[in-house]
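Peer 1: My structure file input.cif, mmCIF, C-alpha atoms, is below:
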```cif
data_query
#
loop_
_atom_site.label_atom_id
_atom_site.label_comp_id
_atom_site.auth_asym_id
_atom_site.auth_seq_id
_atom_site.Cartn_x
_atom_site.Cartn_y
_atom_site.Cartn_z
CA MET E 1 12.41 -0.53 -254.26
CA VAL E 2 14.15 -3.48 -252.63
CA THR E 3 17.83 -3.69 -253.55
CA SER E 4 19.60 -6.95 -254.30
CA ASP E 5 21.58 -6.57 -251.07
CA GLN E 6 18.40 -6.13 -249.03
CA ARG E 7 16.88 -9.15 -250.76
CA ARG E 8 19.95 -11.27 -249.95
CA ARG E 9 19.75 -10.23 -246.30
CA GLN E 10 16.03 -11.05 -246.19
CA LEU E 11 16.64 -14.51 -247.68
CA ALA E 12 19.45 -15.11 -245.19
CA ARG E 13 17.19 -14.14 -242.30
CA GLU E 14 14.43 -16.45 -243.51
CA LYS E 15 16.91 -19.31 -243.81
CA TYR E 16 18.19 -18.55 -240.33
CA ALA E 17 14.65 -18.60 -238.94
CA ARG E 18 14.02 -22.02 -240.50
CA GLN E 19 17.23 -23.38 -239.05
CA GLN E 20 16.36 -21.99 -235.61
CA GLN E 21 12.93 -23.63 -235.82
CA ARG E 22 14.53 -26.99 -236.57
CA ARG E 23 16.96 -26.51 -233.67
CA GLU E 24 14.06 -25.69 -231.35
CA GLU E 25 12.15 -28.81 -232.44
CA ASN E 26 15.24 -30.96 -231.82
CA ARG E 27 15.74 -29.29 -228.45
CA ARG E 28 12.18 -30.06 -227.40
CA LYS E 29 12.52 -33.71 -228.47
CA ALA E 30 15.77 -34.03 -226.53
CA LYS E 31 14.21 -32.40 -223.47
CA ARG E 32 11.27 -34.82 -223.54
CA ARG E 33 13.67 -37.74 -223.89
CA ASN E 34 15.80 -36.57 -220.99
CA THR E 35 12.71 -36.02 -218.85
CA VAL E 36 11.74 -39.65 -219.39
CA ILE E 37 15.27 -40.76 -218.48
CA ALA E 38 15.25 -38.64 -215.34
CA ALA E 39 11.86 -40.02 -214.33
CA SER E 40 13.11 -43.58 -214.83
CA LEU E 41 16.12 -42.89 -212.64
CA ALA E 42 13.87 -41.48 -209.93
CA VAL E 43 11.85 -44.70 -209.92
CA VAL E 44 15.01 -46.78 -209.54
CA LEU E 45 16.24 -44.59 -206.68
CA ALA E 46 12.88 -44.78 -204.95
CA ALA E 47 13.10 -48.58 -205.11
CA GLY E 48 16.38 -48.44 -203.22
CA GLY E 49 18.74 -48.91 -206.14
CA ALA E 50 22.12 -47.25 -205.82
CA VAL E 51 22.20 -45.44 -209.13
CA TYR E 52 24.49 -42.52 -209.85
CA ALA E 53 24.07 -40.64 -213.12
CA SER E 54 24.45 -37.24 -214.68
CA VAL E 55 21.74 -36.35 -217.15
CA ALA E 56 22.42 -33.35 -219.37
CA LEU E 57 19.26 -31.39 -220.03
CA THR E 58 20.71 -29.00 -222.57
CA GLY E 59 19.01 -30.22 -225.74
CA ASP E 60 20.99 -28.37 -228.38
CA SER E 61 24.63 -28.47 -227.31
CA SER E 62 25.41 -25.41 -229.42
CA LYS E 63 23.25 -23.23 -227.15
CA ALA E 64 23.28 -22.32 -223.48
CA SER E 65 21.17 -24.61 -221.31
CA ASP E 66 17.51 -23.83 -220.68
CA ALA E 67 18.28 -23.15 -217.03
CA ALA E 68 21.02 -20.68 -217.90
CA ALA E 69 18.99 -19.04 -220.65
CA SER E 70 16.58 -17.57 -218.12
CA ASP E 71 19.29 -15.72 -216.20
CA THR E 72 22.00 -15.01 -218.74
CA PRO E 73 22.17 -12.61 -221.72
CA THR E 74 21.99 -15.30 -224.41
CA THR E 75 21.61 -15.27 -228.16
CA PRO E 76 20.95 -18.17 -230.55
CA ALA E 77 23.95 -20.08 -231.87
CA PRO E 78 25.14 -18.69 -235.23
CA THR E 79 24.49 -20.73 -238.32
CA GLN E 80 27.44 -22.22 -240.21
CA SER E 81 27.22 -19.48 -242.82
CA GLU E 82 27.18 -16.77 -240.17
CA SER E 83 30.08 -18.12 -238.15
CA ALA E 84 32.08 -18.57 -241.35
CA SER E 85 31.67 -14.92 -242.38
CA PRO E 86 34.69 -12.75 -241.56
CA GLU E 87 34.41 -9.97 -239.04
CA PRO E 88 35.05 -6.42 -240.34
CA LYS E 89 38.65 -5.40 -240.93
CA LEU E 90 40.11 -3.53 -237.95
CA THR E 91 40.05 0.16 -238.83
CA VAL E 92 39.57 1.85 -235.45
CA ASP E 93 42.43 3.57 -233.66
CA GLN E 94 43.36 0.94 -231.08
CA LYS E 95 44.73 3.59 -228.73
CA ALA E 96 41.64 5.77 -228.78
CA THR E 97 38.39 6.09 -226.83
CA TYR E 98 35.11 6.06 -228.72
CA ALA E 99 31.58 7.18 -227.89
CA MET E 100 28.52 5.28 -229.04
CA ALA E 101 25.48 7.55 -228.99
CA LEU E 102 22.15 5.74 -228.93
CA LYS E 103 19.24 8.04 -229.67
CA THR E 104 16.17 6.19 -228.39
CA ASN E 105 12.50 7.09 -228.13
CA GLU E 106 12.99 7.18 -224.34
CA GLY E 107 16.07 9.40 -224.32
CA GLU E 108 19.75 9.58 -225.18
CA ILE E 109 22.16 6.88 -224.02
CA THR E 110 25.88 7.47 -224.50
CA VAL E 111 28.35 4.63 -224.08
CA THR E 112 32.10 5.25 -223.70
CA MET E 113 34.24 2.50 -225.25
CA ASP E 114 37.99 1.89 -224.92
CA ALA E 115 39.44 0.48 -228.15
CA ALA E 116 42.70 -0.37 -226.39
CA LYS E 117 40.87 -2.96 -224.27
CA THR E 118 38.24 -4.16 -226.75
CA PRO E 119 39.44 -3.33 -230.28
CA HIS E 120 37.39 -6.00 -232.09
CA THR E 121 34.21 -5.10 -230.26
CA VAL E 122 34.56 -1.35 -230.74
CA ASN E 123 35.50 -1.87 -234.38
CA SER E 124 32.41 -4.02 -234.95
CA PHE E 125 30.08 -1.47 -233.37
CA LYS E 126 31.56 1.35 -235.45
CA HIS E 127 31.26 -0.76 -238.60
CA LEU E 128 27.61 -1.58 -237.89
CA ALA E 129 26.66 1.92 -236.76
CA ASP E 130 28.22 3.43 -239.89
CA LYS E 131 25.98 1.11 -241.93
CA LYS E 132 22.92 2.24 -239.88
CA TYR E 133 22.49 -1.36 -238.76
CA PHE E 134 21.02 -0.44 -235.37
CA ASP E 135 18.75 2.36 -236.61
CA GLY E 136 15.10 1.50 -236.04
CA THR E 137 15.82 -1.60 -233.93
CA LYS E 138 14.17 -2.28 -230.58
CA CYS E 139 15.54 -3.50 -227.28
CA HIS E 140 13.81 -6.85 -227.08
CA ARG E 141 14.53 -8.16 -223.59
CA LEU E 142 14.35 -6.80 -220.05
CA THR E 143 15.13 -8.83 -216.94
CA THR E 144 14.08 -7.68 -213.49
CA GLN E 145 14.98 -10.67 -211.34
CA GLY E 146 18.25 -12.58 -210.98
CA ILE E 147 20.02 -10.30 -213.43
CA TYR E 148 19.20 -6.69 -214.22
CA VAL E 149 19.77 -5.92 -217.88
CA LEU E 150 18.16 -4.45 -220.97
CA GLN E 151 19.23 -6.36 -224.08
CA CYS E 152 19.38 -4.67 -227.50
CA GLY E 153 21.13 -4.91 -230.86
CA ASP E 154 18.92 -7.41 -232.69
CA PRO E 155 17.66 -6.16 -236.09
CA LYS E 156 14.83 -8.72 -235.95
CA GLY E 157 13.71 -7.59 -232.52
CA ASP E 158 13.09 -11.08 -231.17
CA GLY E 159 16.53 -12.18 -229.96
CA THR E 160 17.38 -14.29 -233.00
CA GLY E 161 19.12 -11.74 -235.22
CA GLY E 162 22.79 -11.09 -235.86
CA PRO E 163 25.19 -9.35 -238.26
CA GLY E 164 26.32 -12.44 -240.17
CA TYR E 165 29.66 -12.76 -238.36
CA THR E 166 31.01 -13.27 -234.85
CA ILE E 167 33.75 -11.49 -232.91
CA PRO E 168 36.19 -12.78 -230.29
CA ASP E 169 35.70 -12.32 -226.56
CA GLU E 170 37.78 -9.52 -225.06
CA ASN E 171 38.56 -7.94 -221.68
CA LEU E 172 37.08 -10.87 -219.75
CA GLY E 173 39.32 -10.31 -216.74
CA ALA E 174 38.39 -6.65 -216.33
CA LEU E 175 35.83 -7.26 -213.59
CA GLY E 176 38.09 -9.35 -211.40
CA LYS E 177 38.40 -12.99 -210.50
CA ALA E 178 35.26 -15.10 -210.26
CA GLY E 179 34.13 -16.00 -206.76
CA ALA E 180 33.15 -19.40 -205.41
CA ASP E 181 29.85 -19.11 -207.29
CA GLY E 182 31.71 -18.70 -210.58
CA ALA E 183 30.46 -15.16 -211.04
CA VAL E 184 31.74 -11.60 -211.01
CA THR E 185 29.82 -8.39 -210.48
CA PHE E 186 28.90 -6.37 -213.57
CA PRO E 187 28.37 -2.91 -212.03
CA ALA E 188 25.38 -0.80 -212.96
CA GLY E 189 26.24 1.18 -216.09
CA THR E 190 28.29 -1.62 -217.67
CA VAL E 191 27.63 -2.48 -221.32
CA ALA E 192 28.63 -5.98 -222.43
CA MET E 193 28.20 -8.42 -225.29
CA ALA E 194 25.52 -11.11 -225.24
CA ASN E 195 26.53 -14.53 -226.59
CA THR E 196 25.31 -18.11 -226.97
CA GLY E 197 27.11 -19.31 -223.86
CA GLN E 198 30.03 -20.51 -225.97
CA PRO E 199 33.35 -18.66 -226.48
CA GLY E 200 33.70 -16.29 -229.41
CA THR E 201 30.00 -16.09 -230.31
CA GLY E 202 29.34 -12.37 -229.90
CA GLY E 203 27.51 -10.70 -232.77
CA SER E 204 25.52 -7.47 -232.56
CA GLN E 205 23.42 -8.06 -229.43
CA PHE E 206 24.53 -6.32 -226.25
CA PHE E 207 23.12 -5.65 -222.80
CA LEU E 208 22.93 -2.58 -220.61
CA VAL E 209 23.29 -3.28 -216.88
CA TYR E 210 21.01 -0.99 -214.85
CA LYS E 211 21.69 -2.54 -211.42
CA ASP E 212 24.72 -4.46 -210.10
CA THR E 213 24.44 -7.96 -211.59
CA LYS E 214 26.36 -11.19 -210.96
CA LEU E 215 27.25 -13.18 -214.07
CA PRO E 216 30.02 -15.53 -215.18
CA PRO E 217 33.03 -13.59 -216.56
CA SER E 218 32.29 -14.79 -220.09
CA TYR E 219 30.64 -11.67 -221.48
CA THR E 220 32.86 -8.99 -223.02
CA PRO E 221 32.47 -5.75 -220.98
CA PHE E 222 33.21 -3.05 -223.52
CA GLY E 223 31.55 0.17 -222.40
CA LYS E 224 30.19 2.41 -219.67
CA ILE E 225 26.86 4.25 -219.79
CA ASP E 226 26.74 7.94 -218.92
CA ALA E 227 24.64 9.03 -215.92
CA ALA E 228 21.76 10.38 -218.01
CA GLY E 229 21.65 7.24 -220.12
CA LEU E 230 21.68 4.98 -217.06
CA LYS E 231 18.63 6.82 -215.72
CA VAL E 232 16.85 6.20 -219.02
CA VAL E 233 17.46 2.45 -218.70
CA GLN E 234 16.51 2.43 -215.01
CA ASP E 235 13.23 4.19 -215.79
CA VAL E 236 12.46 1.54 -218.43
CA ALA E 237 13.22 -1.16 -215.87
CA LYS E 238 10.91 0.43 -213.28
CA ALA E 239 7.98 0.05 -215.69
CA GLY E 240 8.65 -3.70 -215.77
CA VAL E 241 8.13 -6.46 -218.29
CA GLU E 242 5.07 -7.00 -220.45
CA GLY E 243 2.44 -9.17 -218.79
CA GLY E 244 3.99 -8.77 -215.35
CA ALA E 245 6.76 -11.29 -216.03
CA THR E 246 10.35 -10.85 -214.84
CA ASP E 247 12.00 -11.65 -218.18
CA GLY E 248 10.72 -10.61 -221.59
CA ALA E 249 9.85 -7.62 -223.72
CA PRO E 250 9.92 -4.37 -221.71
CA LYS E 251 6.53 -2.82 -221.01
CA THR E 252 8.01 0.50 -222.07
CA HIS E 253 9.04 -0.18 -225.65
CA VAL E 254 12.54 1.07 -226.42
CA THR E 255 13.60 1.74 -230.00
CA ILE E 256 17.08 2.80 -231.05
CA GLU E 257 16.19 5.48 -233.55
CA LYS E 258 19.78 6.24 -234.47
CA ALA E 259 23.21 4.92 -233.41
CA THR E 260 26.52 6.62 -234.11
CA VAL E 261 30.07 5.77 -233.07
CA THR E 262 32.69 8.52 -233.05
CA GLU E 263 36.21 8.92 -231.73
CA LYS E 264 36.41 11.09 -228.60
#
```
Please lay out the structure from this file as structure tokens.

Peer 2:
Amino acid sequence: MVTSDQRRRQLAREKYARQQQRREENRRKAKRRNTVIAASLAVVLAAGGAVYASVALTGDSSKASDAAASDTPTTPAPTQSESASPEPKLTVDQKATYAMALKTNEGEITVTMDAAKTPHTVNSFKHLADKKYFDGTKCHRLTTQGIYVLQCGDPKGDGTGGPGYTIPDENLGALGKAGADGAVTFPAGTVAMANTGQPGTGGSQFFLVYKDTKLPPSYTPFGKIDAAGLKVVQDVAKAGVEGGATDGAPKTHVTIEKATVTEK
């Protein structure tokens, strides 16, 4: 029997999907418009006109750009109702280390998390794990070129889901100062939060780095995978992406059967 709480969550998800569809339609319209503008500018330049312009091809300003979306761990922008929801009250011991155990159909993955460095993030994961939020969810995205990550944590399994609240960015300086390319190295074994490309938009989606990856220092690094767990992720990556692509659903389907967070 469906409970009233489950029904409310289902209605919220359906509303979110409708809003995302409208955003996508607006994004496509904006992209077509900008393409026309860019083509017009090219004609002027070809005719010898000295025209200087900067055309933004982002579509929806609340999301990361299309170019960035292909090589960054992005999530959709939260709706107004989601971003307005409060994050869980801080109940973790902010001086303690926690372990997040992910039991998957491909093997165990254990992530060590330091609450002293990322209290809001660790607290959120414990809150969600205690509610069995991650149980039965699949890792929906694998990238094998440009960046090397397996992205998980979406209850909808398509990259559009979230917990109904956002958490602040934390520990952004942990991986050092960005280089001339604006990036830092996320070492293999790092676990970090995905976001929309805007500050403070982390939710429940996270990514597991299976090979050293360069990214802007705007993703909260909050955990480290154990050796056995890293091998699990690397084996999934070796199998590749469905359809032979370099970014998409992993060919080896990964389901988080059970997630628990405990103090070490």

Peer 1: Exactly which residues make up the result of the PyMOL selection byres ((chain E and resi 96-104) around 6) on this file, given as a ChimeraX atom specification?

Peer 2: /E:93-95,105-115,255-264

Peer 1: Quote the spacing between atom CA of E:Gly157 and atom CA of E:Pro216 in Å to one decimal place.

Peer 2: 25.1 Å

Peer 1: What's around E:Ala249 at 9 Å? Count all atoms listed in the file, leave out sequence neighbours fewer than 4 positions away in its own chain, and write the answer as a PyMOL selection string.

Peer 2: chain E and resi 139-143+158+240-242+253

Peer 1: Any chance you could resolve the PyMOL selection byres ((chain E and resi 237) around 9) against this file and give the residues as number ranges by chain?

Peer 2: E: 142-144, 148-150, 210, 232-236, 238-241, 250-252

Peer 1: Only C-alpha atoms, please: the residues just picked out, written as a PDB file, in the coordinates of the input.

Peer 2:
```pdb
ATOM      1  CA  LEU E 142      14.350  -6.800-220.050  1.00  0.00           C
ATOM      2  CA  THR E 143      15.130  -8.830-216.940  1.00  0.00           C
ATOM      3  CA  THR E 144      14.080  -7.680-213.490  1.00  0.00           C
ATOM      4  CA  TYR E 148      19.200  -6.690-214.220  1.00  0.00           C
ATOM      5  CA  VAL E 149      19.770  -5.920-217.880  1.00  0.00           C
ATOM      6  CA  LEU E 150      18.160  -4.450-220.970  1.00  0.00           C
ATOM      7  CA  TYR E 210      21.010  -0.990-214.850  1.00  0.00           C
ATOM      8  CA  VAL E 232      16.850   6.200-219.020  1.00  0.00           C
ATOM      9  CA  VAL E 233      17.460   2.450-218.700  1.00  0.00           C
ATOM     10  CA  GLN E 234      16.510   2.430-215.010  1.00  0.00           C
ATOM     11  CA  ASP E 235      13.230   4.190-215.790  1.00  0.00           C
ATOM     12  CA  VAL E 236      12.460   1.540-218.430  1.00  0.00           C
ATOM     13  CA  LYS E 238      10.910   0.430-213.280  1.00  0.00           C
ATOM     14  CA  ALA E 239       7.980   0.050-215.690  1.00  0.00           C
ATOM     15  CA  GLY E 240       8.650  -3.700-215.770  1.00  0.00           C
ATOM     16  CA  VAL E 241       8.130  -6.460-218.290  1.00  0.00           C
ATOM     17  CA  PRO E 250       9.920  -4.370-221.710  1.00  0.00           C
ATOM     18  CA  LYS E 251       6.530  -2.820-221.010  1.00  0.00           C
ATOM     19  CA  THR E 252       8.010   0.500-222.070  1.00  0.00           C
TER      20      THR E 252
END
```

Peer 1: Suppose you want the space between atom CA of E:Pro155 and atom CA of E:Leu230; what is it in Å?

Peer 2: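 Here the two named atoms are 22.4 Å from each other.
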
Peer 1: Which distance in Å separates atom CA of E:Phe186 and atom CA of E:Thr213, to one decimal?

Peer 2: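 Taking atom CA of E:Phe186 and atom CA of E:Thr213, their separation equals 5.1 Å.
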
Peer 1: Given the file above and the PyMOL selection byres ((chain E and resi 223) around 7), which residues are selected, and can you give them as a PyMOL selection string?

Peer 2: chain E and resi 111-113+190-192+221-222+224-225

Peer 1: Using C-alpha atoms, can you export the residues from the last selection as a short mmCIF file (atom, residue, chain, number, x, y, z; two decimals), in the frame of the given file?

Peer 2:
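Just written: part_5.cif:
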```cif
data_model
loop_
_atom_site.label_atom_id
_atom_site.label_comp_id
_atom_site.auth_asym_id
_atom_site.auth_seq_id
_atom_site.Cartn_x
_atom_site.Cartn_y
_atom_site.Cartn_z
CA VAL E 111 28.35 4.63 -224.08
CA THR E 112 32.10 5.25 -223.70
CA MET E 113 34.24 2.50 -225.25
CA THR E 190 28.29 -1.62 -217.67
CA VAL E 191 27.63 -2.48 -221.32
CA ALA E 192 28.63 -5.98 -222.43
CA PRO E 221 32.47 -5.75 -220.98
CA PHE E 222 33.21 -3.05 -223.52
CA LYS E 224 30.19 2.41 -219.67
CA ILE E 225 26.86 4.25 -219.79
#
```

Peer 1: Looking at all atoms listed in the file, which of E:Lys214, E:Ile167, E:Gly153, E:Ala194 is the one that sits closest to E:Gly182?

Peer 2: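 Of E:Lys214, E:Ile167, E:Gly153, E:Ala194, the one nearest E:Gly182, counting all atoms listed in the file, is E:Lys214.
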
Peer 1: Could you check the closest approach to E:Gly162 for each of E:Leu128, E:Gly203, E:Pro88, E:Phe134 and tell me which residue wins, using only C-alpha atoms?

Peer 2: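 Closest candidate: E:Gly203.
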
Peer 1: Mind checking which residues fall within 12 Å of E:Val184, counting all atoms listed in the file, ignoring those fewer than 6 positions away in the same chain, and posting them as a PyMOL selection string?

Peer 2: chain E and resi 172-178+212-219+221

Peer 1: Determine the nearest neighbour of E:Val254 from the options E:Pro86, E:Gly159, E:Gly136, E:Gly164, counting only C-alpha atoms.

Peer 2: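 The closest residue to E:Val254 is E:Gly136.
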
Peer 1: Considering all atoms listed in the file, state which residue in the set E:Asp130, E:Thr185, E:Gly202, E:Ile147 is at the smallest distance from E:Glu87.

Peer 2: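 When distances to E:Glu87 are compared using all atoms listed in the file, the smallest one comes from E:Gly202.
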
Peer 1: Rank nothing, just name the residue among E:Asp226, E:Pro168, E:Ser85, E:Ala183 nearest to E:Asn123, using all atoms listed in the file.

Peer 2: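 Among E:Asp226, E:Pro168, E:Ser85, E:Ala183, it is E:Pro168 that comes nearest to E:Asn123.
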
Peer 1: Using the file's own x, y and z axes, what box holds all listed atoms of stretch 226-241 of chain E with 4 Å on each side, keeping edges along x, y and z, and what are its centre and edge lengths in Å to one decimal, as JSON?

Peer 2:
```
{"center_x": 17.4, "center_y": 2.0, "center_z": -216.7, "size_x": 26.8, "size_y": 24.8, "size_z": 14.8}
```

Peer 1: Between E:Leu90, E:Ala245, E:Ala228, E:Ala188, which has the minimum distance to E:Gln145 (counting only C-alpha atoms)?

Peer 2: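 Going through E:Leu90, E:Ala245, E:Ala228, E:Ala188 one by one, the smallest distance to E:Gln145 is for E:Ala245.
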